[in-house]
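Shown next, in structure tokens, is the structure this report addresses.
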4 protein chains.
Amino acid sequence: MYNLLKGKRGIIFGALDNKSIAWKVAERAHKEGAKFTLTNTSVAIRFGQIDELAEKCGAEVIAADATNIKDLEHVFERSMEVLGGKIDFVLHSIGMSLNVRKKRVYNDLDYSYLNKTLDISAISFHKVLQVAHKSDAINKWGSVVALSYIAAQRTLYGYNDMADAKSLLESIARSFGYIYGRQRKIRVNTISQSPTPTTAGSGIKDLAGLMDFTERMSPLGNATADECADYCIVMFSDLTKKVTMQNLFHDGGFSNMGMSLKAMSMYNKSLEDTDDID
Amino acid sequence: MYNLLKGKRGIIFGALDNKSIAWKVAERAHKEGAKFTLTNTSVAIRFGQIDELAEKCGAEVIAADATNIKDLEHVFERSMEVLGGKIDFVLHSIGMSLNVRKKRVYNDLDYSYLNKTLDISAISFHKVLQVAHKSDAINKWGSVVALSYIAAQRTLYGYNDMADAKSLLESIARSFGYIYGRQRKIRVNTISQSPTPTTAGSGIKDLAGLMDFTERMSPLGNATADECADYCIVMFSDLTKKVTMQNLFHDGGFSNMGMSLKAMSMYNKSLEDTDDID
Amino acid sequence: MYNLLKGKRGIIFGALDNKSIAWKVAERAHKEGAKFTLTNTSVAIRFGQIDELAEKCGAEVIAADATNIKDLEHVFERSMEVLGGKIDFVLHSIGMSLNVRKKRVYNDLDYSYLNKTLDISAISFHKVLQVAHKSDAINKWGSVVALSYIAAQRTLYGYNDMADAKSLLESIARSFGYIYGRQRKIRVNTISQSPTPTTAGSGIKDLAGLMDFTERMSPLGNATADECADYCIVMFSDLTKKVTMQNLFHDGGFSNMGMSLKAMSMYNKSLEDTDDID
Amino acid sequence: MYNLLKGKRGIIFGALDNKSIAWKVAERAHKEGAKFTLTNTSVAIRFGQIDELAEKCGAEVIAADATNIKDLEHVFERSMEVLGGKIDFVLHSIGMSLNVRKKRVYNDLDYSYLNKTLDISAISFHKVLQVAHKSDAINKWGSVVALSYIAAQRTLYGYNDMADAKSLLESIARSFGYIYGRQRKIRVNTISQSPTPTTAGSGIKDLAGLMDFTERMSPLGNATADECADYCIVMFSDLTKKVTMQNLFHDGGFSNMGMSLKAMSMYNKSLEDTDDID
């Protein structure tokens, strides 16, 4: 619509189906004139609809496990080959917890699952950055974004070890952002998005209730996946060149709300009807 | 109980009646071996029960308008005279909004009321500090605490211009804390307390509903006025000498919660019963 | 360049000369297809070069004291008249401290000056918002931005009562952002910009030394006024609709740095050469 | 001195020699009337002076690898046996990075070393908590503290993957603090201490320069290990019962400073003498 990414080359990690934020980012990046590759695990490629997206955007799909260095090296090499040059933007939209899936609560974590949660959801981001850095695969003034969630700052019942993974992810963005900024003028940020009903997020407890609460708490309501894609585009564009090491809340105002009229009204209604819940 | 303030001299601003946090601080400071004066406005002294507290603690009451420099000079002079030396600790527990009282909502503020809110609730803290500094009235390693509220960081429906006053208050604590620390090793902090059912706080909208919500959100429940007094004692003691310019949350964990099981359960109950509230 | 503001109407407060951030925002908004009015005090209009800017951008200049309600009402009325409809974006770039100018240090503030600092630098923002709100002058999904500085969070030697003003400003953005968001889907944010050598900022102590330090601390270096203008454009565009109540650091990464190699090297050099400075 | 921990039972992880913060905490806890056990790895026990400390405090030393569940189970069982009941306080003062030791910079991390860094420095804290929780080893209103560093929020050159470990550590404190608070009224906090010249910390680059900088930036100067011990005592006492899920800065004010007169003077001195360092 604006040609904000005209001539830019990117890599998008984590599109699964048309509910994915990464999917929306791909669609928007395409409209803004970018060329990019799409990558996800073989399993996700098989069970998702990424090929449909690839066709629509004229993008090649590259299978890769984002925790595997060799795979990541291939992603960057192949992307530069296909796109005809170094990369300008990268989206990291990857997260998974076996503890959540297997219903291991936070005071009964399986530590091998925890290691996997951290490796897939956070350390993979370091690996992406380190591989890119070593192979000098990102252009000066390039932009790297990872998707995060406010659980990195505040505890939410049921979000489990994903909270710790998001804290680690945001720390990696700062730590590597310093190095990449100083050495090559490349920026690294995280976007902390409203709860979003993606296929991946569906394992989170009480998501419907939580989304109603955050919708009423946020003066602008929850941010959608489409709106998140718009924000990612902005962060990939040349208009945000000096923004780095930040965690950017994209949440309709939720993060700075203590209590809204709408949420309080709903809560109070229940209070009046209830003797007690404990 | 522990003699934590043995031999220390203090000034306590803002005790009104036995629901006041300042009242509880006075009682606790007395038990911990401190001597101190009590100060409040003439009106508050007349309508409150501060004389009862003064008798119990062997403290002199000094009438003062905390926005008036002459009055504050008198408070420090008289306190040093009565207590026999320079001051070791000061509590600032003062806040008032005419906009709240007169039901002027935040998008229809009366600006002369706003000026009063800021003067009484925040600038008075600067005045206390500046008067103390100019008259060299606080001992090395002394400690100054002001009471704040999380509205300084996050918007709460109905808290109105008091939120802005608390932000200003916390900024003053940092700004003056730097000067007082560098020059005289005196620390300045704010304690951000759970919503507390004091006489002064009773003007806040929906306080009962809010307190139920924060009680269920906070893993340890809301902090009481008595518990806040304990925390103030700790901050006045010699065990926290290097803590300065901080805003310390004393809230049962509320400030770092995104959503708790108990609050979500109560909220969801209402959600199920409701078509919509908007 | 991208038509990001095509068809949008705006009001820009605070352009003085071509070093002003507001000046750069006007130039960029013009290039992005916006129409807008410019406003500043009569004195600033007389002594600055705003007429030159107005001509370049086809903008009308409206004299107004941003602390005066009548003047602000006139600004909005006249702007809607001239621009042919309701407003889509507003920039607030206003700040002044008489305490700084008159060299009253922070432990010797003149309180009538402090009131002026707060009124001009922070409360004026509330007045702009309240006037706009009462006259229903801003379109749904409109965007309001005020410029801030990291002194709102961290104390800087010599920044004086402007630190408190910036804290208050950011609080007002949150408090009014909640109301404007809930009622009319209008967003309110602050951008916390690197130290910038504007004419207004020239009163700040040790600005050259500070800017060298922040340049070396920030992995991307200090953000310039031009780059800040780009970021403002993004915040006015339709691509950031769900970002509200935020303070957005635009500072090359400074805000999340503890110590950089470059700043440490410079600092250490001095350390080696020095017996002591105290 | 105050009997603040009279009758309380504790476990202290991480004392090595008399420069350790954990060592100072043990000495202070002993003076305050607590009984406790000391634990560290077999290697640390062999090479450190922990037996000397144990004798002084009448404490048993229990060898344990804090990443090993069986070892931790033994620590809690044996401690309850020796001390005659459930535990009231726990100190976690553990951190180590092989990447730092082996001089692997942050853009060339060895990922098996990173896993070790996270396991030893952060996940061990979860293991301590989970083991304690499962064996119901901590009394109601007990207090658990882990030592952290501001690198969890802001990037410091050379601190490497320890920054990410500290972020993860602080997240674990929040996540588990919620559960332990809700279920058993036990609080979990981190104390973010000034840079401290311990034996363990000696691997950090440029520590002397950094400590000079933070000393001059902090209005009260760097906090010492002894002062940190005082603050830990306070957090273990009954006077801070409603403080949980917090990261408490104990740093002489450093965390809220942007620039001090003293640090700027030193920096400027170097600036004047220098053509350029880059």
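Residues are referred to by chain and number: the chain letter is A, B, ... according to the order shown in the structure tokens, the number counts from 1 in that chain, and ligands are numbered separately from 1 in the order shown.
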Exercise: region 212-223 of chain A partners within 9 Å, only C-alpha atoms, chain neighbours under 5 positions left out, as a VMD selection string: (chain A and resid 193 to 196 207 228 250 to 264 266) or (chain B and resid 264 267 to 268 271 278) or (chain C and resid 177 to 187 241 to 244)
Check every residue of chain D for an atom within 8 Å of chain A, counting only C-alpha atoms, and provide those that qualify as an mmCIF file with N, CA, C and O atoms, in the first residue's frame.
data_model
loop_
_atom_site.group_PDB
_atom_site.id
_atom_site.type_symbol
_atom_site.label_atom_id
_atom_site.label_comp_id
_atom_site.auth_asym_id
_atom_site.auth_seq_id
_atom_site.Cartn_x
_atom_site.Cartn_y
_atom_site.Cartn_z
ATOM 1 N N TYR D 106 29.620 -12.979 23.072
ATOM 2 C CA TYR D 106 28.180 -13.204 22.958
ATOM 3 C C TYR D 106 27.722 -13.496 21.537
ATOM 4 O O TYR D 106 26.674 -14.091 21.331
ATOM 5 N N ASN D 107 28.495 -13.082 20.545
ATOM 6 C CA ASN D 107 28.126 -13.439 19.172
ATOM 7 C C ASN D 107 28.879 -14.682 18.696
ATOM 8 O O ASN D 107 28.891 -14.992 17.513
ATOM 9 N N ASP D 108 29.476 -15.391 19.633
ATOM 10 C CA ASP D 108 30.108 -16.670 19.320
ATOM 11 C C ASP D 108 29.909 -17.624 20.494
ATOM 12 O O ASP D 108 30.831 -18.292 20.952
ATOM 13 N N GLN D 130 11.065 -25.867 43.338
ATOM 14 C CA GLN D 130 10.190 -27.006 43.073
ATOM 15 C C GLN D 130 10.426 -28.142 44.076
ATOM 16 O O GLN D 130 9.471 -28.758 44.560
ATOM 17 N N HIS D 133 8.931 -27.065 47.320
ATOM 18 C CA HIS D 133 7.470 -27.093 47.229
ATOM 19 C C HIS D 133 6.945 -28.521 47.319
ATOM 20 O O HIS D 133 6.001 -28.807 48.069
ATOM 21 N N LYS D 134 7.576 -29.420 46.584
ATOM 22 C CA LYS D 134 7.096 -30.811 46.572
ATOM 23 C C LYS D 134 7.264 -31.487 47.931
ATOM 24 O O LYS D 134 6.449 -32.321 48.315
ATOM 25 N N ALA D 152 20.153 -7.923 33.974
ATOM 26 C CA ALA D 152 18.868 -8.509 33.601
ATOM 27 C C ALA D 152 17.992 -7.518 32.844
ATOM 28 O O ALA D 152 17.128 -7.905 32.059
ATOM 29 N N GLN D 153 18.200 -6.220 33.075
ATOM 30 C CA GLN D 153 17.406 -5.182 32.400
ATOM 31 C C GLN D 153 18.205 -4.430 31.341
ATOM 32 O O GLN D 153 17.648 -3.953 30.370
ATOM 33 N N ARG D 154 19.503 -4.234 31.585
ATOM 34 C CA ARG D 154 20.304 -3.386 30.697
ATOM 35 C C ARG D 154 21.601 -4.083 30.325
ATOM 36 O O ARG D 154 22.268 -4.668 31.183
ATOM 37 N N THR D 155 21.963 -3.948 29.072
ATOM 38 C CA THR D 155 23.129 -4.662 28.554
ATOM 39 C C THR D 155 24.427 -4.004 28.999
ATOM 40 O O THR D 155 24.595 -2.795 28.871
ATOM 41 N N ASN D 160 27.937 -10.751 28.960
ATOM 42 C CA ASN D 160 27.722 -11.950 28.161
ATOM 43 C C ASN D 160 26.416 -12.676 28.498
ATOM 44 O O ASN D 160 25.425 -12.001 28.798
ATOM 45 N N ALA D 163 23.802 -12.123 31.522
ATOM 46 C CA ALA D 163 22.665 -11.196 31.466
ATOM 47 C C ALA D 163 21.376 -11.970 31.214
ATOM 48 O O ALA D 163 20.357 -11.758 31.884
ATOM 49 N N ASP D 164 21.419 -12.868 30.240
ATOM 50 C CA ASP D 164 20.233 -13.660 29.923
ATOM 51 C C ASP D 164 19.864 -14.559 31.099
ATOM 52 O O ASP D 164 18.687 -14.745 31.410
ATOM 53 N N ALA D 165 20.872 -15.111 31.756
ATOM 54 C CA ALA D 165 20.607 -15.970 32.921
ATOM 55 C C ALA D 165 19.910 -15.162 34.025
ATOM 56 O O ALA D 165 18.976 -15.645 34.664
ATOM 57 N N SER D 167 18.021 -12.497 33.652
ATOM 58 C CA SER D 167 16.627 -12.254 33.231
ATOM 59 C C SER D 167 15.763 -13.472 33.510
ATOM 60 O O SER D 167 14.635 -13.356 33.999
ATOM 61 N N LEU D 168 16.295 -14.617 33.171
ATOM 62 C CA LEU D 168 15.552 -15.861 33.398
ATOM 63 C C LEU D 168 15.338 -16.073 34.899
ATOM 64 O O LEU D 168 14.239 -16.436 35.335
ATOM 65 N N SER D 171 12.603 -13.891 36.149
ATOM 66 C CA SER D 171 11.302 -14.374 35.685
ATOM 67 C C SER D 171 10.843 -15.554 36.525
ATOM 68 O O SER D 171 9.669 -15.662 36.904
ATOM 69 N N ILE D 172 11.762 -16.451 36.830
ATOM 70 C CA ILE D 172 11.429 -17.612 37.676
ATOM 71 C C ILE D 172 10.952 -17.138 39.052
ATOM 72 O O ILE D 172 9.990 -17.691 39.604
ATOM 73 N N ARG D 174 9.343 -14.438 39.713
ATOM 74 C CA ARG D 174 7.944 -13.998 39.562
ATOM 75 C C ARG D 174 7.009 -15.193 39.400
ATOM 76 O O ARG D 174 5.980 -15.294 40.070
ATOM 77 N N SER D 175 7.358 -16.083 38.482
ATOM 78 C CA SER D 175 6.458 -17.191 38.146
ATOM 79 C C SER D 175 6.224 -18.094 39.359
ATOM 80 O O SER D 175 5.087 -18.474 39.658
ATOM 81 N N PHE D 176 7.296 -18.437 40.053
ATOM 82 C CA PHE D 176 7.129 -19.318 41.201
ATOM 83 C C PHE D 176 6.596 -18.538 42.400
ATOM 84 O O PHE D 176 5.867 -19.079 43.249
ATOM 85 N N TYR D 178 4.320 -16.370 42.358
ATOM 86 C CA TYR D 178 2.858 -16.396 42.276
ATOM 87 C C TYR D 178 2.302 -17.673 42.917
ATOM 88 O O TYR D 178 1.390 -17.637 43.751
ATOM 89 N N ILE D 179 2.874 -18.807 42.519
ATOM 90 C CA ILE D 179 2.367 -20.097 43.001
ATOM 91 C C ILE D 179 2.590 -20.257 44.505
ATOM 92 O O ILE D 179 1.678 -20.609 45.255
#
Skip region 56-72 of chain A itself and residues of its chain fewer than 6 positions away, then list as an MDAnalysis selection string all residues within 7 Å of it, counting only C-alpha atoms. chainID A and resid 27 30 36:42 119:120 124 127:128 131
If you keep all heavy atoms, can you produce a file of those selected residues as a CSV table (one decimal), in the first residue's frame?
chain,number,residue,atom,x,y,z
A,27,GLU,N,1.8,-11.6,4.3
A,27,GLU,CA,0.9,-10.9,3.4
A,27,GLU,C,1.1,-9.4,3.3
A,27,GLU,O,1.2,-8.8,2.2
A,27,GLU,CB,-0.5,-11.2,3.8
A,27,GLU,CG,-1.0,-12.6,3.7
A,27,GLU,CD,-2.4,-12.8,4.1
A,27,GLU,OE1,-2.9,-12.1,5.0
A,27,GLU,OE2,-3.1,-13.7,3.5
A,30,HIS,N,4.5,-8.5,1.6
A,30,HIS,CA,4.3,-8.7,0.1
A,30,HIS,C,3.6,-7.5,-0.5
A,30,HIS,O,4.1,-6.9,-1.5
A,30,HIS,CB,3.4,-10.0,-0.1
A,30,HIS,CG,3.2,-10.2,-1.5
A,30,HIS,ND1,4.2,-10.5,-2.4
A,30,HIS,CD2,2.0,-10.3,-2.2
A,30,HIS,CE1,3.7,-10.7,-3.6
A,30,HIS,NE2,2.3,-10.6,-3.5
A,36,PHE,N,10.7,-12.2,0.1
A,36,PHE,CA,11.1,-12.9,1.3
A,36,PHE,C,11.0,-14.4,1.1
A,36,PHE,O,10.3,-14.9,0.2
A,36,PHE,CB,10.3,-12.5,2.5
A,36,PHE,CG,8.8,-12.5,2.3
A,36,PHE,CD1,8.1,-13.6,2.5
A,36,PHE,CD2,8.2,-11.3,1.9
A,36,PHE,CE1,6.7,-13.6,2.3
A,36,PHE,CE2,6.8,-11.2,1.7
A,36,PHE,CZ,6.1,-12.4,1.9
A,37,THR,N,11.6,-15.2,2.0
A,37,THR,CA,11.4,-16.6,2.1
A,37,THR,C,10.6,-16.9,3.4
A,37,THR,O,10.6,-16.1,4.3
A,37,THR,CB,12.8,-17.4,2.2
A,37,THR,OG1,13.5,-16.9,3.3
A,37,THR,CG2,13.6,-17.2,0.9
A,38,LEU,N,10.0,-18.1,3.4
A,38,LEU,CA,9.2,-18.5,4.6
A,38,LEU,C,9.9,-19.7,5.1
A,38,LEU,O,10.4,-20.6,4.4
A,38,LEU,CB,7.8,-18.9,4.2
A,38,LEU,CG,7.0,-17.7,3.6
A,38,LEU,CD1,5.7,-18.2,2.9
A,38,LEU,CD2,6.6,-16.8,4.7
A,39,THR,N,10.0,-19.8,6.4
A,39,THR,CA,10.5,-21.1,7.0
A,39,THR,C,9.8,-21.5,8.2
A,39,THR,O,9.3,-20.7,9.0
A,39,THR,CB,12.1,-20.9,7.3
A,39,THR,OG1,12.5,-22.0,8.0
A,39,THR,CG2,12.4,-19.6,8.1
A,40,ASN,N,9.7,-22.9,8.3
A,40,ASN,CA,9.1,-23.5,9.5
A,40,ASN,C,9.7,-24.9,9.5
A,40,ASN,O,10.4,-25.3,8.6
A,40,ASN,CB,7.6,-23.4,9.4
A,40,ASN,CG,6.9,-23.4,10.7
A,40,ASN,OD1,7.4,-24.0,11.7
A,40,ASN,ND2,5.8,-22.7,10.8
A,41,THR,N,9.3,-25.7,10.6
A,41,THR,CA,9.7,-27.1,10.6
A,41,THR,C,9.0,-27.9,9.6
A,41,THR,O,7.9,-27.5,9.1
A,41,THR,CB,9.4,-27.7,12.0
A,41,THR,OG1,8.0,-27.6,12.2
A,41,THR,CG2,10.1,-26.9,13.1
A,42,SER,N,9.6,-29.0,9.2
A,42,SER,CA,9.0,-29.9,8.3
A,42,SER,C,7.6,-30.3,8.7
A,42,SER,O,6.7,-30.4,7.9
A,42,SER,CB,9.8,-31.2,8.1
A,42,SER,OG,11.2,-30.9,8.0
A,119,ASP,N,14.8,-23.6,24.5
A,119,ASP,CA,15.6,-23.8,23.2
A,119,ASP,C,14.8,-23.3,22.0
A,119,ASP,O,15.2,-22.5,21.2
A,119,ASP,CB,16.1,-25.2,23.1
A,119,ASP,CG,17.2,-25.3,22.0
A,119,ASP,OD1,17.9,-24.3,21.8
A,119,ASP,OD2,17.4,-26.4,21.5
A,120,ILE,N,13.5,-23.8,22.0
A,120,ILE,CA,12.7,-23.5,20.8
A,120,ILE,C,12.2,-22.0,20.8
A,120,ILE,O,12.2,-21.3,19.8
A,120,ILE,CB,11.4,-24.4,20.8
A,120,ILE,CG1,11.9,-25.9,20.6
A,120,ILE,CG2,10.4,-24.0,19.8
A,120,ILE,CD1,10.8,-26.9,20.7
A,124,SER,N,16.5,-20.2,20.2
A,124,SER,CA,16.5,-20.2,18.7
A,124,SER,C,16.7,-18.8,18.2
A,124,SER,O,17.2,-18.6,17.1
A,124,SER,CB,15.1,-20.8,18.3
A,124,SER,OG,14.1,-19.9,18.6
A,127,LYS,N,20.3,-18.2,18.2
A,127,LYS,CA,20.9,-18.9,17.1
A,127,LYS,C,20.7,-18.3,15.7
A,127,LYS,O,21.6,-18.2,14.9
A,127,LYS,CB,20.3,-20.4,17.1
A,127,LYS,CG,20.8,-21.2,18.3
A,127,LYS,CD,20.2,-22.6,18.4
A,127,LYS,CE,20.8,-23.4,19.6
A,127,LYS,NZ,20.1,-24.6,19.8
A,128,VAL,N,19.5,-17.8,15.5
A,128,VAL,CA,19.2,-17.1,14.3
A,128,VAL,C,20.1,-15.9,14.1
A,128,VAL,O,20.7,-15.7,13.1
A,128,VAL,CB,17.7,-16.6,14.2
A,128,VAL,CG1,17.5,-15.5,13.2
A,128,VAL,CG2,16.8,-17.7,14.0
A,131,VAL,N,23.9,-17.0,13.7
A,131,VAL,CA,24.2,-17.6,12.4
A,131,VAL,C,24.2,-16.4,11.4
A,131,VAL,O,25.1,-16.3,10.5
A,131,VAL,CB,23.1,-18.6,12.0
A,131,VAL,CG1,23.1,-18.9,10.5
A,131,VAL,CG2,23.4,-19.9,12.8
Any chance you could list, as a PyMOL selection string, the residues in region 11-188 of chain C that come up strand (DSSP E) when DSSP is run on the backbone? chain C and resi 11-13+35-40+61-63+87-92+138-148+155-156+187-188
Could you please write out, as an MDAnalysis selection string, every residue of region 52-161 of chain C that DSSP assigns to helix (DSSP H, G or I)? chainID C and resid 52:57 69:83 98:101 106:108 111:134 150:152 161
Computed interatomic separation between CA of Asn3 (chain B) and CA of Leu239 (chain D) (Å): 12.9 Å
Quick one: residues within 12 Å of Leu4 (chain A), only C-alpha atoms counted, chain neighbours fewer than 4 positions away excluded, as a PyMOL selection string? (chain A and resi 8+28-34+230-240) or (chain C and resi 1-4+234+239)
Measure the distance from CA of Gly14 (chain A) to CA of Ile94 (chain A) in Å and round it to one decimal.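 Answer for the CA of Gly14 (chain A) to CA of Ile94 (chain A) separation: 5.5 Å.
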Between CA of Arg46 (chain A) and CA of Leu83 (chain A), what is the distance in Å, rounded to a tenth?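 Between CA of Arg46 (chain A) and CA of Leu83 (chain A) the gap works out to 23.7 Å.
Of the residues listed (B:Lys35, B:Thr199, B:Leu210, B:Asn189), B:Lys35 shows the shortest atom-to-atom separation from Gly84 (chain B); distances use only C-alpha atoms.
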